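What follows is a short report on a single structure.
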Amino acid sequence: MATRSLSQETTATAATPTRVRHSVLWFVCILSMITYLDRVALASAAGDVVKALDLDSVADLKWAFTAFALAYALFEVPTGWMGDMFGPRKALLRIVLWWSVFTVLTAAAGLKFGPVTLGLGFLIVVRLLFGIGEAGAYPNITRALHNWLPLQERGRGQGTVWFFGKLMGGLTPFLWTLLVVGTTYTPALFGWRTAFCVFGVIGVIWCITFARKFRDQPEQHPGVNAEELEYIHRNRAAVKESHSGVPWKRIVTDWNFLALCLMYSAQAYGWYFNITYLPQFLEKHYGMPNSSLLGALYKGGPLLAGALGCLFGGMITDSIIRRTGDRKRARRLCGWVGHSICVLCFLIAPVAPNAFIFFLAVSLAALCTDLTLPSAWATCQDIGGRFAGTIGAFMNMGAGLAGALAGWVTGSVLERSVMNHAVSLGVEVKALTTEQANAALLHGYHMNFYSFAALYVVAFLCWFKIDPTRPIDPATAPD
């Protein structure tokens with residue numbers, strides 16, 4: 001066998017694309033995990049927080065849940081625009097540092113300083129500011145992936161990001177049980193307040209590493225060679241990146257884009273149940289305490305299932321594109337299949353005969369909801385082009401508003417159900433026995449499940465109007 005010369009080996013090595021884009025993907029995947037760790041932690045800590053604030057039930061936390069979702073929604077567009085204008089690096093550093101501070105401050109809820117008690121009002125303000133801080137994380141992740149990933153890897157990239165986020169969301173109840181509550185075999189390592197402080201520090205560590213390693217454009221990174229640059233930009237339009245001229249009117253009047261936003265909002269309404277009221281529902285109605293690892297599985301299971309949905313959804317949509325070249329079919333198929341199954345799951349949930357069947361129903365619904373996420377976020381890149389961050393921010397704003405509405409409506413329906421039950425018995429709400437109160441709450445939960453099913457029907461229908469081949473700015477059509 002002939003021996004290769006040094007010059008031949010050097011040429012072959014130089015012709016191999018570097019893989020810096022993969023390290024970028026890992027950075028944003030870790031960020032996705034931190035976002036879910038911090039946002040799901042309050043649901044896991046709900047029992048402790050209710051006691052610390054001397055509240056009657058988890059329904060009293062509805063304004064805390066709503067404050068986060070509302071602020072998260074309203075500040076999506078400004079922070080998404082920030083990423084498009086100034087680059088995702090600056091935007092993401094501001095976002096993560098801000099929310100990490102308010103993650104730590106969550107630990108102060110219920111503390112007393114002389115005559116002053118940091119009560120429910122304090123928690124609501126902290127969650128409001130936390131939502132402002134976390135807003136824009138996923139739009140700016142989308143913008144970073146738009147800059148770094150080639151067209152044929154976008155669906156898989158989005159699926160991977162959401163996979164790790166939902167995975168951490170699903171693992172958070174386990175971590176909470178092991179670290180904060182303890183089990184029969186292992187003691188708790190620290191209290192719930194310390195846990196929030198630790199979670200906040202993790203975000204700061206991510207920022208320090210990200211600031212050193214990440215660059216907005218692959219051209220700016222010293223580790224990217226010419227072959228990787230060519231691979232990233234293959235099949236893209238030769239459109240100069242601009243930091244001005246966002247077509248606001250065209251965005252807010254584009255029916256294709258509005259259908260995408262409506263779909264994403266409708267599916268988010270029911271999904272928010274998994275990170276707000278689900279843990280307390282399982283504790284109250286199926287006897288799944290925080291100290292139970294099986295209970296932790298049931299509480300985190302929907303998000304774990306959703307993680308698989310994100311992964312499969314990204315693989316499926318990219319696979320269809322590679323085989324057929326049909327982006328419209330690839331994006332819509334996951335939406336139709338996923339959201340139709342979600343409707344069935346939430347019709348089954350109210351009549352589930354036991355905790356296991358209920359767990360299967362909500363977990364399958366979460367898997368099928370998240371099966372659609374890679375298609376939705378890849379569509380943002382498809383139709384948004386260089387405005388992908390702003391487009392993603394609008395879409396996620398709709399989801400946040402739906403989540404805020406869901407948090408408030410779900411809690412209000414539960415409160416109304418308990419009140420009506422007390423009136424029917426001719427007693428005050430506080431005079432209800434535990435069994436009577438739980439029965440009334442169960443009826444309220446069932447009403448909420450039916451509303452989730454109805455909105456998944458809306459999401460299913462929206463996919464008939466969503467067309468990823470129709471960009472907001474026609475100049476970016478091939479991109």
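Residue numbering restarts at 1 for every chain of the structure tokens, chains are lettered A, B, ... in their displayed order, and ligands are numbered from 1 as they appear.
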
Note to self: Just want the 12 Å neighbourhood of Leu425 of chain A, counted on only C-alpha atoms, with same-chain residues fewer than 6 positions away dropped. Output as a PyMOL selection string.
What the structure shows: chain A and resi 418-419+431-433+436-437+440

Just-selected residues, N, CA, C and O atoms written as a PDB file, in the first residue's frame:
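result-v6.pdb written:
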```
ATOM      1  N   VAL A 418     -64.976  24.535  44.192  1.00  0.00           N
ATOM      2  CA  VAL A 418     -65.032  24.337  45.646  1.00  0.00           C
ATOM      3  C   VAL A 418     -66.121  25.216  46.258  1.00  0.00           C
ATOM      4  O   VAL A 418     -66.900  24.772  47.120  1.00  0.00           O
ATOM      5  N   MET A 419     -66.199  26.462  45.808  1.00  0.00           N
ATOM      6  CA  MET A 419     -67.198  27.389  46.336  1.00  0.00           C
ATOM      7  C   MET A 419     -68.616  26.891  46.043  1.00  0.00           C
ATOM      8  O   MET A 419     -69.496  26.916  46.915  1.00  0.00           O
ATOM      9  N   ALA A 431     -65.416  25.051  56.052  1.00  0.00           N
ATOM     10  CA  ALA A 431     -66.089  23.997  56.815  1.00  0.00           C
ATOM     11  C   ALA A 431     -66.127  22.670  56.063  1.00  0.00           C
ATOM     12  O   ALA A 431     -66.531  21.646  56.626  1.00  0.00           O
ATOM     13  N   LEU A 432     -65.723  22.664  54.810  1.00  0.00           N
ATOM     14  CA  LEU A 432     -65.705  21.418  54.030  1.00  0.00           C
ATOM     15  C   LEU A 432     -64.679  20.456  54.609  1.00  0.00           C
ATOM     16  O   LEU A 432     -63.588  20.860  55.030  1.00  0.00           O
ATOM     17  N   THR A 433     -65.029  19.185  54.609  1.00  0.00           N
ATOM     18  CA  THR A 433     -64.053  18.182  55.008  1.00  0.00           C
ATOM     19  C   THR A 433     -63.019  18.014  53.894  1.00  0.00           C
ATOM     20  O   THR A 433     -63.221  18.468  52.755  1.00  0.00           O
ATOM     21  N   GLN A 436     -64.587  16.240  51.000  1.00  0.00           N
ATOM     22  CA  GLN A 436     -65.510  17.084  50.230  1.00  0.00           C
ATOM     23  C   GLN A 436     -64.754  18.089  49.360  1.00  0.00           C
ATOM     24  O   GLN A 436     -65.110  18.307  48.192  1.00  0.00           O
ATOM     25  N   ALA A 437     -63.709  18.702  49.928  1.00  0.00           N
ATOM     26  CA  ALA A 437     -62.920  19.669  49.169  1.00  0.00           C
ATOM     27  C   ALA A 437     -62.213  19.006  47.994  1.00  0.00           C
ATOM     28  O   ALA A 437     -62.181  19.544  46.877  1.00  0.00           O
ATOM     29  N   ALA A 440     -64.665  18.282  45.192  1.00  0.00           N
ATOM     30  CA  ALA A 440     -64.993  19.505  44.447  1.00  0.00           C
ATOM     31  C   ALA A 440     -63.847  19.904  43.519  1.00  0.00           C
ATOM     32  O   ALA A 440     -64.066  20.295  42.372  1.00  0.00           O
TER      33      ALA A 440
END
```

Checklist line | segment 133-146 of chain A surroundings by only C-alpha atoms, 7 Å radius, close-in-sequence under 5 positions cut, as a ChimeraX atom specification | finding: /A:28,72-73,75-76,79-80,83,88,92,95-96,98-99,216,381,388-390,392-393

Next item on the list: Name all residues at most 12 Å from Lys284 of chain A (count only C-alpha atoms; drop same-chain ones fewer than 6 positions away) and give them as a list of chain:residue names.
Entry: A:Gly47, A:Ser57, A:Val58, A:Tyr277, A:Leu278, A:Asn290, A:Gly295, A:Ala355, A:Thr434, A:Glu435, A:Gln436, A:Ala437, A:Asn438, A:Ala439, A:Ala440, A:Leu441, A:Leu442, A:Tyr445

Could you take the residues named above and write them with N, CA and C atoms, as a short mmCIF file (atom, residue, chain, number, x, y, z; two decimals), in the first residue's frame?
```cif
data_model
loop_
_atom_site.label_atom_id
_atom_site.label_comp_id
_atom_site.auth_asym_id
_atom_site.auth_seq_id
_atom_site.Cartn_x
_atom_site.Cartn_y
_atom_site.Cartn_z
N GLY A 47 -45.88 22.73 47.61
CA GLY A 47 -46.34 22.37 48.96
C GLY A 47 -45.59 23.13 50.03
N SER A 57 -54.32 26.57 49.93
CA SER A 57 -54.07 25.49 48.98
C SER A 57 -53.24 26.02 47.82
N VAL A 58 -52.86 25.10 46.93
CA VAL A 58 -52.05 25.48 45.76
C VAL A 58 -52.82 26.43 44.84
N TYR A 277 -50.05 22.82 37.98
CA TYR A 277 -50.96 22.15 38.91
C TYR A 277 -50.81 20.63 38.97
N LEU A 278 -50.08 20.03 38.03
CA LEU A 278 -50.01 18.57 37.99
C LEU A 278 -49.47 17.95 39.28
N ASN A 290 -44.49 13.85 47.81
CA ASN A 290 -43.18 14.25 47.31
C ASN A 290 -42.09 13.24 47.65
N GLY A 295 -44.12 8.72 42.78
CA GLY A 295 -44.81 10.00 42.61
C GLY A 295 -43.99 10.96 41.78
N ALA A 355 -54.47 6.13 38.92
CA ALA A 355 -53.35 7.04 38.67
C ALA A 355 -52.54 6.62 37.46
N THR A 434 -61.92 17.37 54.22
CA THR A 434 -60.89 17.14 53.21
C THR A 434 -61.44 16.36 52.03
N GLU A 435 -62.28 15.37 52.31
CA GLU A 435 -62.86 14.55 51.24
C GLU A 435 -63.79 15.38 50.37
N GLN A 436 -64.59 16.24 51.00
CA GLN A 436 -65.51 17.08 50.23
C GLN A 436 -64.75 18.09 49.36
N ALA A 437 -63.71 18.70 49.93
CA ALA A 437 -62.92 19.67 49.17
C ALA A 437 -62.21 19.01 47.99
N ASN A 438 -61.67 17.81 48.22
CA ASN A 438 -60.98 17.10 47.14
C ASN A 438 -61.94 16.69 46.03
N ALA A 439 -63.15 16.30 46.40
CA ALA A 439 -64.15 15.92 45.40
C ALA A 439 -64.53 17.12 44.54
N ALA A 440 -64.66 18.28 45.19
CA ALA A 440 -64.99 19.50 44.45
C ALA A 440 -63.85 19.90 43.52
N LEU A 441 -62.62 19.79 44.01
CA LEU A 441 -61.47 20.11 43.18
C LEU A 441 -61.37 19.17 41.98
N LEU A 442 -61.68 17.89 42.21
CA LEU A 442 -61.62 16.92 41.12
C LEU A 442 -62.58 17.29 40.00
N TYR A 445 -61.00 20.08 38.07
CA TYR A 445 -59.93 19.59 37.20
C TYR A 445 -60.51 18.97 35.93
#
```

Hey, could you make a per-residue contact list for segment 41-67 of chain A against segment 400-410 of chain A with 7 Å as the cut-off, showing the nearest pair of atoms and its distance in Å to one decimal, counting only C-alpha atoms, sorted by chain and number, as a tab-separated table?
```
residue	atom	partner	partner_atom	distance
A:Lys62	CA	A:Trp408	CA	5.5
A:Trp63	CA	A:Trp408	CA	6.6
A:Phe65	CA	A:Gly407	CA	5.9
A:Thr66	CA	A:Ala404	CA	4.4
```

Atoms to include: all heavy atoms. Write the selected residues as a compact mmCIF listing (two decimals), in the first residue's frame.
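Below is the file out.txt, written as the result:
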```txt
# COMPACT_ATOMS: atom_id res chain seq x y z
N LYS A 62 -52.15 30.79 42.13
CA LYS A 62 -52.48 31.01 40.73
C LYS A 62 -51.89 32.31 40.20
O LYS A 62 -51.45 32.38 39.05
CB LYS A 62 -53.99 30.99 40.52
CG LYS A 62 -54.75 32.15 41.12
CD LYS A 62 -56.23 32.07 40.79
CE LYS A 62 -56.98 33.30 41.34
NZ LYS A 62 -58.41 33.24 41.02
N TRP A 63 -51.85 33.36 41.03
CA TRP A 63 -51.30 34.63 40.54
C TRP A 63 -49.79 34.56 40.40
O TRP A 63 -49.20 35.26 39.56
CB TRP A 63 -51.70 35.77 41.46
CG TRP A 63 -53.12 36.19 41.26
CD1 TRP A 63 -54.16 36.06 42.13
CD2 TRP A 63 -53.67 36.80 40.07
NE1 TRP A 63 -55.32 36.55 41.57
CE2 TRP A 63 -55.05 37.01 40.31
CE3 TRP A 63 -53.13 37.18 38.85
CZ2 TRP A 63 -55.90 37.58 39.37
CZ3 TRP A 63 -53.97 37.75 37.90
CH2 TRP A 63 -55.33 37.94 38.17
N PHE A 65 -48.16 31.77 39.45
CA PHE A 65 -48.00 31.06 38.18
C PHE A 65 -48.31 31.99 37.00
O PHE A 65 -47.62 32.01 35.99
CB PHE A 65 -48.92 29.85 38.12
CG PHE A 65 -48.53 28.73 39.06
CD1 PHE A 65 -49.49 28.06 39.80
CD2 PHE A 65 -47.21 28.32 39.18
CE1 PHE A 65 -49.15 27.02 40.65
CE2 PHE A 65 -46.85 27.29 40.03
CZ PHE A 65 -47.82 26.64 40.77
N THR A 66 -49.39 32.76 37.16
CA THR A 66 -49.82 33.65 36.08
C THR A 66 -48.83 34.78 35.86
O THR A 66 -48.57 35.17 34.71
CB THR A 66 -51.21 34.24 36.42
OG1 THR A 66 -52.14 33.17 36.60
CG2 THR A 66 -51.70 35.15 35.30
```

Check: For Asp370 of chain A, which residue among A:Ile316, A:Leu189, A:Ala307, A:Leu333 is the nearest when counting only C-alpha atoms?
Finding: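 Once distances to Asp370 of chain A are computed over only C-alpha atoms, the minimum belongs to A:Ala307.
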
Note to self: Would you pick out the contacts of segment 33-43 of chain A at 6 Å or less, using only C-alpha atoms, so that residues sharing its chain but fewer than 3 positions from it are not included, and give the list as a PyMOL selection string?
What the structure shows: chain A and resi 30+46+164-165+168-169+275-276

I need the residues from that last selection saved to file as a short mmCIF file (atom, residue, chain, number, x, y, z; two decimals), in the first residue's frame (with N, CA, C and O atoms), if you can.
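again_36.cif, written as the output of this step:
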```
data_model
loop_
_atom_site.label_atom_id
_atom_site.label_comp_id
_atom_site.auth_asym_id
_atom_site.auth_seq_id
_atom_site.Cartn_x
_atom_site.Cartn_y
_atom_site.Cartn_z
N ILE A 30 -27.81 22.84 26.96
CA ILE A 30 -27.62 22.99 28.41
C ILE A 30 -28.44 24.16 28.93
O ILE A 30 -29.06 24.08 30.00
N ALA A 46 -44.24 23.65 45.47
CA ALA A 46 -45.52 24.30 45.78
C ALA A 46 -46.00 23.99 47.20
O ALA A 46 -46.46 24.89 47.91
N PHE A 164 -33.70 18.21 25.50
CA PHE A 164 -32.96 18.37 26.76
C PHE A 164 -33.71 19.26 27.74
O PHE A 164 -33.64 19.04 28.96
N GLY A 165 -34.42 20.27 27.24
CA GLY A 165 -35.21 21.10 28.14
C GLY A 165 -36.30 20.31 28.83
O GLY A 165 -36.45 20.34 30.06
N MET A 168 -34.96 17.75 31.38
CA MET A 168 -34.67 18.32 32.69
C MET A 168 -35.95 18.67 33.44
O MET A 168 -36.04 18.48 34.66
N GLY A 169 -36.95 19.16 32.71
CA GLY A 169 -38.23 19.43 33.37
C GLY A 169 -38.80 18.17 33.98
O GLY A 169 -39.35 18.18 35.10
N ILE A 275 -46.53 21.94 34.34
CA ILE A 275 -45.52 22.62 35.17
C ILE A 275 -46.17 23.53 36.21
O ILE A 275 -45.47 24.34 36.84
N THR A 276 -47.46 23.42 36.39
CA THR A 276 -48.14 24.23 37.40
C THR A 276 -48.92 23.36 38.39
O THR A 276 -48.48 23.14 39.52
#
```

Checklist line | Secondary structure check, alpha helix (DSSP H) residues of segment 100-311 of chain A, as a PyMOL selection string | finding: chain A and resi 100-106+120-134+137-148+154-176+192-213+226-233+248-252+255-271+278-286+293-311

Notebook entry, point to check: What is the distance, in Å and to one decimal place, between atom CA of Leu171 of chain A and atom CA of Leu149 of chain A?
Noted result: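 Between atom CA of Leu171 of chain A and atom CA of Leu149 of chain A the gap works out to 28.1 Å.
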
Check: Which residues, written as a list in words, have at least one atom at most 7 Å from Gly131 of chain A, with only C-alpha atoms counted and residues fewer than 5 positions away on the same chain left out?
Finding: Phe68, Ala69, Ala71 and Tyr72 of chain A

Notebook entry, point to check: Can you list, as number ranges by chain, every protein, DNA or RNA residue that comes within 12 Å of Lys299 of chain A when you count only C-alpha atoms, leaving out same-chain residues fewer than 5 positions away?
Noted result: A: 40-41, 43-44, 169-177, 273-283, 286-294, 304-305, 355-356, 358-360, 362-363

Next item on the list: Identify, on the basis of only C-alpha atoms, every residue whose closest approach to Ala378 of chain A does not exceed 10 Å; exclude the query and any residue fewer than 4 positions from it along the same chain; express the result as a ChimeraX atom specification.
Entry: /A:142,145-146,151,153-159,314,317-318,327,331,373-374,382-384,388,392,468

Item checked: Nearest-residue call for Arg386 of chain A, choices A:Pro115, A:Asn225, A:Trp206, A:Ile472, using only C-alpha atoms -> A:Ile472

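Distance-wise, atom CA of Ala361 of chain A and atom CA of Ala453 of chain A end up 12.0 Å apart.
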
Notebook entry, point to check: How far is it from atom CA of His233 of chain A to atom CA of Trp377 of chain A, in Å with one decimal?
Noted result: 19.3 Å

Checklist line | From A:Thr469, A:Val181, A:Leu118, A:Val252, residue lying nearest Asp326 of chain A [only C-alpha atoms] | finding: A:Thr469

Notebook entry, point to check: A:Ala366, A:Val161, A:Cys345, A:Ala330: which is nearest Leu25 of chain A, counting only C-alpha atoms?
Noted result: A:Val161

Checklist line | From A:Met395, A:Met82, A:Ala59, A:Ala266, residue lying nearest Ser451 of chain A [only C-alpha atoms] | finding: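 Closest candidate: A:Ala266.
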
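Nearest-residue note for Gly309 of chain A: choosing from A:Ala296, A:Met397, A:Leu167, A:Ala352, the minimum distance belongs to A:Leu167, counting only C-alpha atoms.
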
Margin query: DSSP on the backbone, strand (DSSP E or B) only: what residues of segment 75-149 of chain A does that give? Format it as a VMD selection string.
Written below: chain A and resid 112 to 113 116 to 117

Could those selected residues go to a file with N, CA and C atoms, as a short mmCIF file (atom, residue, chain, number, x, y, z; two decimals), in the first residue's frame?
```cif
data_model
loop_
_atom_site.label_atom_id
_atom_site.label_comp_id
_atom_site.auth_asym_id
_atom_site.auth_seq_id
_atom_site.Cartn_x
_atom_site.Cartn_y
_atom_site.Cartn_z
N LYS A 112 -39.32 36.47 57.29
CA LYS A 112 -39.74 37.65 58.06
C LYS A 112 -38.52 38.47 58.45
N PHE A 113 -38.61 39.77 58.24
CA PHE A 113 -37.57 40.71 58.63
C PHE A 113 -38.23 41.75 59.54
N VAL A 116 -41.84 42.99 58.83
CA VAL A 116 -42.12 42.78 57.41
C VAL A 116 -42.01 41.30 57.05
N THR A 117 -43.06 40.80 56.41
CA THR A 117 -43.06 39.41 55.92
C THR A 117 -43.09 39.43 54.40
#
```
